[in-house]
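Right, one structure below, let's go through it.
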Protein chains: 2
Amino acid sequence: MNELEPEHLKSAGLKSTLPRLKVLDLFKNGQARHMSAEDVYQLLRDSGDNVGLATVYRVLTQFEQAGLLVRHNFEGGKSVFELNEGTHHDHIVCMQCGHVEEFYDSAIESRQKKIAAELGFEIHDHTLQIYGDCTKTKCPHRR
Amino acid sequence: MNELEPEHLKSAGLKSTLPRLKVLDLFKNGQARHMSAEDVYQLLRDSGDNVGLATVYRVLTQFEQAGLLVRHNFEGGKSVFELNEGTHHDHIVCMQCGHVEEFYDSAIESRQKKIAAELGFEIHDHTLQIYGDCTKTKCPHRR
DNA sequence: GTCGCAAACGATAATCATTCTCATTTGCAT
DNA sequence: ATGCAAATGAGAATGATTATCGTTTGCGAC
Ligand SMILES: [Mn+2]
Ligand SMILES: [Mn+2]
Ligand SMILES: [Zn+2]
Ligand SMILES: [Zn+2]
């Protein structure tokens, strides 16, 4: 019973189907910001929806191409997606509990540009992930 | 007919077998610095050696754990290995020809430390890759 | 230099994430 | 309501990597 928003799909040139609306809703109104295809599949399944895993993969890729989602390849072999909110950021991931924090550092970004220029590259993209432990003591991210 | 160096393996607690010596030799005396398991397998095969692909995977992982090699996960789904020469560096990869340049930037490294500290993380590791084109004109890395 | 045996190998089956195939369903314009 | 291309879902296929298991080999003890 969540708000469905077909306008985003239409404006992305995608017809508004039930699976697409549900996946988009998960990213917009769900609790987890970074989700793998399997995560999405299980969440939809748990909420009683019958979507195929192949459809989840297809839709995630389509949303990525449409600019609605961004794909990341953290360690662990599976792609992770998040809502594209326009602004770039990088990630620091806890190797104990999997918690992810986001950050943006203009000094790092500008150094990258300078390095690429010096080496004669035109940057298309970059990925920066820091892996660590979020707090030695009580890991499951204290708050 | 290359120099084989069993001492590195012994000091790493690995017994000096033929496949291990050949793989290590490829990284020490071969032409490519960054190689996937399949790359290594094909190169050994081309040079007439009969090593199993499973053995290549096993040996690469063992060398990584022994600290002889470092593993990277560039885009493309396959792990890439290189000789561990003690000093950390990051990579910029050409999306046209696959050429890889290495760089180290202390400003980026120290910003990362600061960010992790601010967010309450103890850094274990990080990966930074820049993807781009090495030169619009004649890509296959001009000299 | 043999022996013995655990460690390592090689071939191949299995696993995992992801993509492909294809028969069936569905969004949506007439 | 009808038609049909586009989308879906179940399951097969793929590509990278790992596990299994019978055979081979490095190497220390004799
Ligand atoms: Mn993020
Ligand atoms: Mn390198
Ligand atoms: Zn960044
Ligand atoms: Zn670095």
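Every chain in the structure tokens takes a letter, A first, then B, and so on in the order presented; its residues are numbered from 1, and the ligands are numbered from 1 following the presented order.
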As a PyMOL selection string, please: every protein or nucleic acid residue near ligand 3 (cut-off 9 Å, counting only C-alpha atoms (C1' of nucleotides) and all ligand atoms). (chain A and resi 88-91+103-106+108-109+112+125-129) or (chain B and resi 128)
Residues of chain B within 12 Å of chain C, only C-alpha atoms (C1' of nucleotides) counted, as JSON, numbers by chain: {"B": [14, 15, 16, 17, 18, 19, 20, 50, 51, 52, 53, 54, 55, 56, 58, 59, 77]}
Could you give me, as JSON, numbers by chain, every polymer residue with an atom at most 10 Å away from an atom of ligand 2, counting only C-alpha atoms (C1' of nucleotides) and all ligand atoms? {"B": [33, 34, 70, 71, 72, 80, 81, 82, 83, 84, 85, 87, 88, 89, 90, 91, 92, 100, 101, 102, 103]}
Please produce a file of the residues just selected, as a short mmCIF file (atom, residue, chain, number, x, y, z; two decimals), in the first residue's frame, where the atoms kept are N, CA, C and O atoms.
```
data_model
loop_
_atom_site.label_atom_id
_atom_site.label_comp_id
_atom_site.auth_asym_id
_atom_site.auth_seq_id
_atom_site.Cartn_x
_atom_site.Cartn_y
_atom_site.Cartn_z
N ARG B 33 52.18 -6.82 -16.11
CA ARG B 33 52.26 -6.62 -14.66
C ARG B 33 50.96 -7.05 -13.97
O ARG B 33 50.99 -7.58 -12.88
N HIS B 34 49.82 -6.77 -14.61
CA HIS B 34 48.52 -7.12 -14.01
C HIS B 34 47.90 -8.24 -14.82
O HIS B 34 47.62 -8.08 -16.01
N VAL B 70 49.13 -9.21 -4.96
CA VAL B 70 48.00 -8.40 -4.50
C VAL B 70 46.88 -8.62 -5.51
O VAL B 70 47.13 -8.70 -6.72
N ARG B 71 45.67 -8.77 -5.02
CA ARG B 71 44.51 -8.96 -5.89
C ARG B 71 43.75 -7.65 -6.06
O ARG B 71 43.58 -6.91 -5.08
N HIS B 72 43.31 -7.40 -7.27
CA HIS B 72 42.47 -6.22 -7.52
C HIS B 72 41.21 -6.67 -8.23
O HIS B 72 41.22 -7.63 -9.00
N VAL B 80 42.27 -9.52 -10.82
CA VAL B 80 43.55 -9.28 -11.48
C VAL B 80 44.61 -9.24 -10.38
O VAL B 80 44.38 -8.70 -9.30
N PHE B 81 45.75 -9.86 -10.67
CA PHE B 81 46.82 -9.95 -9.67
C PHE B 81 48.07 -9.24 -10.16
O PHE B 81 48.30 -9.11 -11.37
N GLU B 82 48.87 -8.81 -9.21
CA GLU B 82 50.17 -8.22 -9.54
C GLU B 82 51.11 -8.53 -8.40
O GLU B 82 50.70 -8.84 -7.29
N LEU B 83 52.41 -8.43 -8.70
CA LEU B 83 53.43 -8.68 -7.70
C LEU B 83 53.28 -7.67 -6.57
O LEU B 83 53.07 -6.49 -6.81
N ASN B 84 53.38 -8.14 -5.34
CA ASN B 84 53.35 -7.24 -4.20
C ASN B 84 54.75 -6.70 -3.94
O ASN B 84 55.63 -7.44 -3.54
N GLU B 85 54.92 -5.44 -4.21
CA GLU B 85 56.25 -4.85 -4.02
C GLU B 85 56.29 -3.97 -2.80
O GLU B 85 57.12 -3.06 -2.69
N THR B 87 54.82 -1.46 -1.59
CA THR B 87 54.23 -0.13 -1.52
C THR B 87 52.86 -0.12 -2.17
O THR B 87 52.65 -0.69 -3.23
N HIS B 88 51.93 0.54 -1.50
CA HIS B 88 50.57 0.67 -2.00
C HIS B 88 50.49 1.64 -3.17
O HIS B 88 51.20 2.64 -3.20
N HIS B 89 49.63 1.33 -4.12
CA HIS B 89 49.32 2.30 -5.17
C HIS B 89 47.91 2.05 -5.66
O HIS B 89 47.32 1.01 -5.41
N ASP B 90 47.39 3.00 -6.39
CA ASP B 90 46.05 2.87 -6.97
C ASP B 90 46.18 2.84 -8.48
O ASP B 90 47.29 2.90 -9.01
N HIS B 91 45.03 2.71 -9.18
CA HIS B 91 45.10 2.47 -10.63
C HIS B 91 44.17 3.36 -11.42
O HIS B 91 43.08 3.70 -10.97
N ILE B 92 44.61 3.67 -12.62
CA ILE B 92 43.76 4.34 -13.59
C ILE B 92 43.77 3.46 -14.83
O ILE B 92 44.82 3.06 -15.31
N VAL B 100 46.72 0.00 -18.07
CA VAL B 100 46.63 0.39 -16.66
C VAL B 100 47.85 1.20 -16.27
O VAL B 100 48.98 0.81 -16.54
N GLU B 101 47.60 2.36 -15.66
CA GLU B 101 48.69 3.13 -15.07
C GLU B 101 48.53 3.10 -13.57
O GLU B 101 47.41 3.02 -13.05
N GLU B 102 49.64 3.17 -12.88
CA GLU B 102 49.61 3.16 -11.43
C GLU B 102 49.94 4.54 -10.91
O GLU B 102 50.68 5.29 -11.55
N PHE B 103 49.38 4.88 -9.75
CA PHE B 103 49.73 6.15 -9.15
C PHE B 103 49.60 6.06 -7.64
O PHE B 103 48.93 5.17 -7.10
#
```
At a cut-off of 9 Å, which residues of chain D touch chain A? Count only C-alpha atoms (C1' of nucleotides) and give the answer as a list in words.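 Per the criterion, chain D yields DA6, DA7, DT8, DG9 and DA10 of chain D.
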Fewer than 2 positions away in the same chain doesn't count, so skip those; otherwise give me all residues within 9 Å of Glu122 of chain A, counting only C-alpha atoms (C1' of nucleotides), as an NGL selection string. (:A and (113 or 116-117 or 120 or 124)) or (:B and (94 or 131-136))
Nearest to chain B: which of A:Gly30, A:Gly98, A:Lys10, A:Asn73 is it, counting only C-alpha atoms?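 Counting only C-alpha atoms, the residue closest to chain B is A:Asn73.
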Please return as a ChimeraX atom specification: the residues of segment 7-139 of chain B that backbone DSSP assigns to alpha helix (DSSP H). /B:7-11,18-29,37-46,53-66,106-118
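A straight line drawn from atom C1' of DG15 of chain D to atom CA of Leu60 of chain B is 18.7 Å long.
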